[in-house]
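All remarks here apply to the structure that follows.
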Amino acid sequence: MLGIVMCPVHETTTHPLKRKLVAILAADVVGYSKLVGDDEEGTLTLFHQYAEIVSELVSSHGGRVFNTAGDALMAEFSSPVEAVRASLAIQREIERQNESIAKHRRIHFRIGIHTGDVVVEHDNLEGDGVNIAARLQSLADTGGILISGDVHHHVLGKLDAAFESLGRKRLKNISAPVPVYRVLPKPRSSLRQLLRRADEHRTLAVVTAAVVAIVTAISLTSSPSAIWNTIASRIEGLPKEPSIAVLPLRALGDDSQEEYLSDGLTTDITGELSRFKNLFVIASNSSFPYKDKPIDVQSVGRELGVRYLLQGTLQRDGARVRISAQLVDAPSRRQIWSDRYDGRGNDIFAIQDDIIETVVARLAVQVNVAERERIMQNPTDSAEAYDHYLRGRQQFDLYSREGNARAKEEFSRAIELDPKFARAYSWAGYAHLEDYKQGWADSPDTAVRFATQAVKMAPELPRRSCQRHYRY
């Protein structure tokens, strides 16, 4: 007779993960491997000295270093304001220390900061909040600081610094694009230089805005950082040449699928205008946050740092397309020019050319004949190929594996319809490169092949419209 022994079952108790909301500072050394290769002992000695300085500054601002690995470190702060203050102090002190070091031996840090929810594992922190800070750090310039949009929201107006929007960035292994800002340290001593720069423009509207900014800021607050940010938003970065931002064309009608056409035309017009060397054009990724939002042109011009705005609408009915466009002087809200275009198929290219020609003429941009002929070349003779190309770009910007696959199909179809369509080859290369970057393909060879073909066809293919996609 078989005996069955019943063993007691012990239930395993699972404890919920402990989480908290913190500001994460990620820092590492630029070019550390080369520095070690050139002078191992000297670099290691100097790095340990600097790491101690960083740790002390983190502590003095209420933070805690919770992870170090090689040349990198991670710190947590309960306040995003203190995290940014600490990063500014770190970069200032490292710069000061480097003054006494030979140039080839200097150590420079780059820093990324994000505020987010993290998982607590004993003394360590994990999760997307940590990963985003690390990705931002990897994108920062030498000696630079990048912060996420969440951090920017908390620190704006509370620090003696200015901030430059870099648009929404796709970060590796992060599902959604992240708004990114560059921190520009600007102490109060720089205020006089800033006002001199405003005066150099000799534009009554700009100088008036500066005076209004000062009076308004002083009357409302005694905070030097608030005064700085208010004035900087009106003056800093204003170019001497004509400056313009192309706001997203608004697609009219109920068919949201037509947005690919309005978005694509917006980006293309921006890219073509940016090829005029005497015209300062804001990148399209800085303009797209204003899509489908009610705007005040004066405020938008001030936020983007431009004098002129190009805006309009697009409506498609079958094969017919209607585009309305207007050029506005942002400081005065004065409409300089407006027009309406009706066309079919290939007329889209003629409409683009006419809009670009009009903008350049109205802004009195100096353009020679050769430059005009080079820029005003249609990208393709096939309206159908152009349509597939724009659809592919819309799918690419979904930043998903499925979207990327559909983008490659659309670009391939565009190339089939016009084998000489250089932009389609270029974007097909971007899509295949994205496959490789995300681990969806084993080799970048296909991307290189498409990119090489694009360069052969059009050596001067505009880079600004999509250069953000070719960064490893």
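Please note that chains go A, B, ... in the order of the structure tokens, that every chain numbers its residues from 1, and that ligands are numbered from 1 in the order shown.
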From a DSSP calculation on the backbone, collect every residue of segment 273-315 of chain A in alpha helix (DSSP H) and output the set as a ChimeraX atom specification.
/A:273,284-287,297-304
Now that the selection is made, can you save its residues with N, CA and C atoms as a JSON list (two decimals), in the first residue's frame?
[["chain", "number", "residue", "atom", "x", "y", "z"],
["A", 273, "LEU", "N", 13.73, 76.85, -45.71],
["A", 273, "LEU", "CA", 14.10, 78.20, -45.27],
["A", 273, "LEU", "C", 15.44, 78.20, -44.55],
["A", 284, "SER", "N", 12.08, 72.86, -36.40],
["A", 284, "SER", "CA", 10.67, 72.52, -36.33],
["A", 284, "SER", "C", 10.28, 71.85, -35.01],
["A", 285, "ASN", "N", 11.23, 71.10, -34.38],
["A", 285, "ASN", "CA", 10.86, 70.43, -33.13],
["A", 285, "ASN", "C", 10.63, 71.43, -31.99],
["A", 286, "SER", "N", 11.09, 72.68, -32.15],
["A", 286, "SER", "CA", 10.80, 73.71, -31.16],
["A", 286, "SER", "C", 9.45, 74.37, -31.42],
["A", 287, "SER", "N", 8.98, 74.30, -32.67],
["A", 287, "SER", "CA", 7.70, 74.92, -33.02],
["A", 287, "SER", "C", 6.51, 73.99, -32.80],
["A", 297, "VAL", "N", 0.77, 85.53, -30.74],
["A", 297, "VAL", "CA", 1.98, 85.57, -31.56],
["A", 297, "VAL", "C", 3.10, 86.33, -30.87],
["A", 298, "GLN", "N", 2.77, 87.35, -30.10],
["A", 298, "GLN", "CA", 3.81, 88.10, -29.40],
["A", 298, "GLN", "C", 4.52, 87.23, -28.38],
["A", 299, "SER", "N", 3.74, 86.46, -27.63],
["A", 299, "SER", "CA", 4.32, 85.57, -26.62],
["A", 299, "SER", "C", 5.15, 84.47, -27.26],
["A", 300, "VAL", "N", 4.63, 83.88, -28.33],
["A", 300, "VAL", "CA", 5.35, 82.80, -29.00],
["A", 300, "VAL", "C", 6.66, 83.31, -29.60],
["A", 301, "GLY", "N", 6.61, 84.48, -30.24],
["A", 301, "GLY", "CA", 7.84, 85.04, -30.79],
["A", 301, "GLY", "C", 8.88, 85.28, -29.71],
["A", 302, "ARG", "N", 8.41, 85.75, -28.54],
["A", 302, "ARG", "CA", 9.33, 86.00, -27.43],
["A", 302, "ARG", "C", 9.90, 84.68, -26.90],
["A", 303, "GLU", "N", 9.05, 83.67, -26.76],
["A", 303, "GLU", "CA", 9.50, 82.38, -26.23],
["A", 303, "GLU", "C", 10.50, 81.69, -27.17],
["A", 304, "LEU", "N", 10.29, 81.82, -28.48],
["A", 304, "LEU", "CA", 11.17, 81.17, -29.44],
["A", 304, "LEU", "C", 12.36, 82.04, -29.83]]
Applying 7 Å and only C-alpha atoms, which residues near Gly429 of chain A remain after dropping the ones on its own chain fewer than 2 positions away? List them as a ChimeraX atom specification.
/A:425-427,431-433,447-448,450-451
Applying 12 Å and only C-alpha atoms, which residues near Lys293 of chain A remain after dropping the ones on its own chain fewer than 3 positions away? List them as a compact mmCIF listing (two decimals) with all heavy atoms, in the first residue's frame.
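Done, and the output landed in result.txt:
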# COMPACT_ATOMS: atom_id res chain seq x y z
N LEU A 247 5.29 77.89 -37.66
CA LEU A 247 4.38 77.18 -36.76
C LEU A 247 3.66 76.08 -37.54
O LEU A 247 3.45 76.20 -38.75
CB LEU A 247 3.38 78.15 -36.16
CG LEU A 247 3.97 79.27 -35.29
CD1 LEU A 247 2.87 80.15 -34.72
CD2 LEU A 247 4.83 78.70 -34.17
N PRO A 248 3.28 74.99 -36.86
CA PRO A 248 2.65 73.87 -37.56
C PRO A 248 1.39 74.31 -38.31
O PRO A 248 0.52 74.98 -37.75
CB PRO A 248 2.29 72.90 -36.43
CG PRO A 248 3.26 73.23 -35.33
CD PRO A 248 3.47 74.71 -35.43
N LEU A 249 1.31 73.94 -39.60
CA LEU A 249 0.09 74.19 -40.36
C LEU A 249 -1.07 73.45 -39.70
O LEU A 249 -0.93 72.29 -39.32
CB LEU A 249 0.26 73.71 -41.80
CG LEU A 249 1.25 74.48 -42.69
CD1 LEU A 249 1.39 73.78 -44.03
CD2 LEU A 249 0.80 75.92 -42.89
N ARG A 250 -2.19 74.11 -39.58
CA ARG A 250 -3.35 73.50 -38.93
C ARG A 250 -4.20 72.78 -39.97
O ARG A 250 -4.65 73.39 -40.95
CB ARG A 250 -4.17 74.56 -38.21
CG ARG A 250 -5.31 74.02 -37.38
CD ARG A 250 -5.76 75.07 -36.36
NE ARG A 250 -6.10 76.33 -37.00
CZ ARG A 250 -7.34 76.65 -37.43
NH1 ARG A 250 -8.32 75.77 -37.26
NH2 ARG A 250 -7.57 77.81 -37.98
N SER A 287 8.98 74.30 -32.67
CA SER A 287 7.70 74.92 -33.02
C SER A 287 6.51 73.99 -32.80
O SER A 287 5.40 74.44 -32.51
CB SER A 287 7.72 75.36 -34.50
OG SER A 287 8.73 76.30 -34.74
N PHE A 288 6.73 72.68 -32.91
CA PHE A 288 5.62 71.74 -32.85
C PHE A 288 4.89 71.69 -31.50
O PHE A 288 3.71 71.31 -31.46
CB PHE A 288 6.07 70.34 -33.27
CG PHE A 288 5.87 70.09 -34.74
CD1 PHE A 288 6.90 70.29 -35.63
CD2 PHE A 288 4.64 69.69 -35.24
CE1 PHE A 288 6.72 70.10 -37.00
CE2 PHE A 288 4.44 69.48 -36.58
CZ PHE A 288 5.48 69.69 -37.48
N PRO A 289 5.52 72.05 -30.38
CA PRO A 289 4.74 72.09 -29.13
C PRO A 289 3.55 73.06 -29.19
O PRO A 289 2.64 72.95 -28.36
CB PRO A 289 5.77 72.54 -28.09
CG PRO A 289 7.07 72.03 -28.60
CD PRO A 289 6.97 72.19 -30.09
N TYR A 290 3.54 73.99 -30.16
CA TYR A 290 2.43 74.94 -30.28
C TYR A 290 1.31 74.41 -31.18
O TYR A 290 0.33 75.11 -31.43
CB TYR A 290 2.94 76.27 -30.83
CG TYR A 290 3.95 76.94 -29.94
CD1 TYR A 290 5.32 76.81 -30.18
CD2 TYR A 290 3.55 77.69 -28.83
CE1 TYR A 290 6.25 77.41 -29.35
CE2 TYR A 290 4.47 78.29 -27.99
CZ TYR A 290 5.82 78.14 -28.26
OH TYR A 290 6.74 78.73 -27.44
N ASP A 296 -0.75 83.36 -28.67
CA ASP A 296 -0.55 84.79 -28.81
C ASP A 296 0.79 84.97 -29.53
O ASP A 296 1.83 84.56 -29.00
CB ASP A 296 -0.53 85.47 -27.44
CG ASP A 296 -0.14 86.93 -27.54
OD1 ASP A 296 -0.92 87.71 -28.09
OD2 ASP A 296 0.97 87.27 -27.09
N VAL A 297 0.77 85.53 -30.74
CA VAL A 297 1.98 85.57 -31.56
C VAL A 297 3.10 86.33 -30.87
O VAL A 297 4.29 85.99 -31.02
CB VAL A 297 1.69 86.19 -32.95
CG1 VAL A 297 0.80 85.27 -33.77
CG2 VAL A 297 1.09 87.58 -32.83
N VAL A 300 4.63 83.88 -28.33
CA VAL A 300 5.35 82.80 -29.00
C VAL A 300 6.66 83.31 -29.60
O VAL A 300 7.71 82.66 -29.49
CB VAL A 300 4.47 82.15 -30.10
CG1 VAL A 300 5.29 81.16 -30.92
CG2 VAL A 300 3.28 81.46 -29.47
Would you mind listing what lies within 9 Å of Arg105 of chain A as a PDB file with N, CA and C atoms, in the first residue's frame, with only C-alpha atoms counted and same-chain residues fewer than 6 positions away left out?
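Done, and the output landed in result14.pdb:
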ATOM      1  N   LEU A  35      41.421  59.636 -21.320  1.00  0.00           N
ATOM      2  CA  LEU A  35      42.247  60.253 -20.281  1.00  0.00           C
ATOM      3  C   LEU A  35      43.038  59.197 -19.520  1.00  0.00           C
ATOM      4  N   ASP A  38      45.843  57.807 -21.661  1.00  0.00           N
ATOM      5  CA  ASP A  38      46.982  58.724 -21.813  1.00  0.00           C
ATOM      6  C   ASP A  38      47.811  58.827 -20.537  1.00  0.00           C
ATOM      7  N   ASP A  39      47.137  58.810 -19.393  1.00  0.00           N
ATOM      8  CA  ASP A  39      47.851  58.968 -18.110  1.00  0.00           C
ATOM      9  C   ASP A  39      47.013  58.319 -17.015  1.00  0.00           C
ATOM     10  N   GLY A  42      47.752  59.551 -13.148  1.00  0.00           N
ATOM     11  CA  GLY A  42      47.393  60.956 -12.969  1.00  0.00           C
ATOM     12  C   GLY A  42      45.896  61.183 -13.070  1.00  0.00           C
ATOM     13  N   THR A  43      45.252  60.513 -14.030  1.00  0.00           N
ATOM     14  CA  THR A  43      43.800  60.671 -14.203  1.00  0.00           C
ATOM     15  C   THR A  43      43.039  60.110 -13.013  1.00  0.00           C
ATOM     16  N   LEU A  46      43.413  62.451 -10.008  1.00  0.00           N
ATOM     17  CA  LEU A  46      42.631  63.672 -10.181  1.00  0.00           C
ATOM     18  C   LEU A  46      41.135  63.374 -10.093  1.00  0.00           C
ATOM     19  N   ASN A  98      40.173  73.170 -12.726  1.00  0.00           N
ATOM     20  CA  ASN A  98      40.859  72.863 -13.983  1.00  0.00           C
ATOM     21  C   ASN A  98      41.810  73.968 -14.437  1.00  0.00           C
TER      22      ASN A  98
END
Residues at most 8 Å from segment 49-66 of chain A, counting only C-alpha atoms, excluding those fewer than 4 positions away in the same chain, as a VMD selection string?
chain A and resid 45 73 to 78 82 to 83 85 to 86 89 to 90 94 123 to 125
Would you kindly return, as a JSON list (two decimals) with N, CA, C and O atoms, in the first residue's frame, each protein, DNA or RNA residue with an atom no farther than 8 Å from any atom of segment 171-175 of chain A, considering only C-alpha atoms and excluding same-chain residues fewer than 4 positions away?
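Result went into selection21.json, see below:
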[["chain", "number", "residue", "atom", "x", "y", "z"],
["A", 128, "ASP", "N", 12.66, 54.12, -14.08],
["A", 128, "ASP", "CA", 12.73, 55.06, -15.19],
["A", 128, "ASP", "C", 13.27, 56.43, -14.77],
["A", 128, "ASP", "O", 13.95, 57.10, -15.54],
["A", 132, "ILE", "N", 16.19, 58.01, -17.01],
["A", 132, "ILE", "CA", 16.05, 59.26, -17.78],
["A", 132, "ILE", "C", 17.17, 60.23, -17.44],
["A", 132, "ILE", "O", 17.75, 60.86, -18.32],
["A", 135, "ARG", "N", 20.24, 59.08, -19.26],
["A", 135, "ARG", "CA", 20.18, 59.36, -20.70],
["A", 135, "ARG", "C", 20.40, 60.84, -20.98],
["A", 135, "ARG", "O", 21.06, 61.21, -21.96],
["A", 136, "LEU", "N", 19.85, 61.70, -20.14],
["A", 136, "LEU", "CA", 20.07, 63.14, -20.32],
["A", 136, "LEU", "C", 21.54, 63.48, -20.16],
["A", 136, "LEU", "O", 22.10, 64.28, -20.93],
["A", 438, "GLN", "N", 17.77, 50.51, -31.66],
["A", 438, "GLN", "CA", 16.83, 49.95, -30.70],
["A", 438, "GLN", "C", 16.98, 48.43, -30.53],
["A", 438, "GLN", "O", 16.24, 47.82, -29.76]]
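Between atom CA of Asp141 of chain A and atom CA of Thr267 of chain A the interatomic distance comes to 26.0 Å.
The interatomic distance for the pair atom CA of Asp268 of chain A and atom CA of Ala140 of chain A works out to 27.7 Å.
In this structure, atom CA of Thr380 of chain A sits 18.7 Å away from atom CA of Glu357 of chain A.
Comparing A:Pro80, A:Gly37, A:Gly305, A:Gly149 by their smallest distance to Ile24 of chain A, the closest is A:Pro80 (using only C-alpha atoms).
Between Lys18 of chain A and the candidates A:Glu41, A:Asp397, A:Asp381, A:Glu126, the tightest atom-to-atom separation, counting only C-alpha atoms, involves A:Glu126.
The smallest atom-to-atom distance between Lys408 of chain A and any of A:Ser148, A:Ser382, A:Ser338, A:Gln395, using only C-alpha atoms, is found for A:Gln395.
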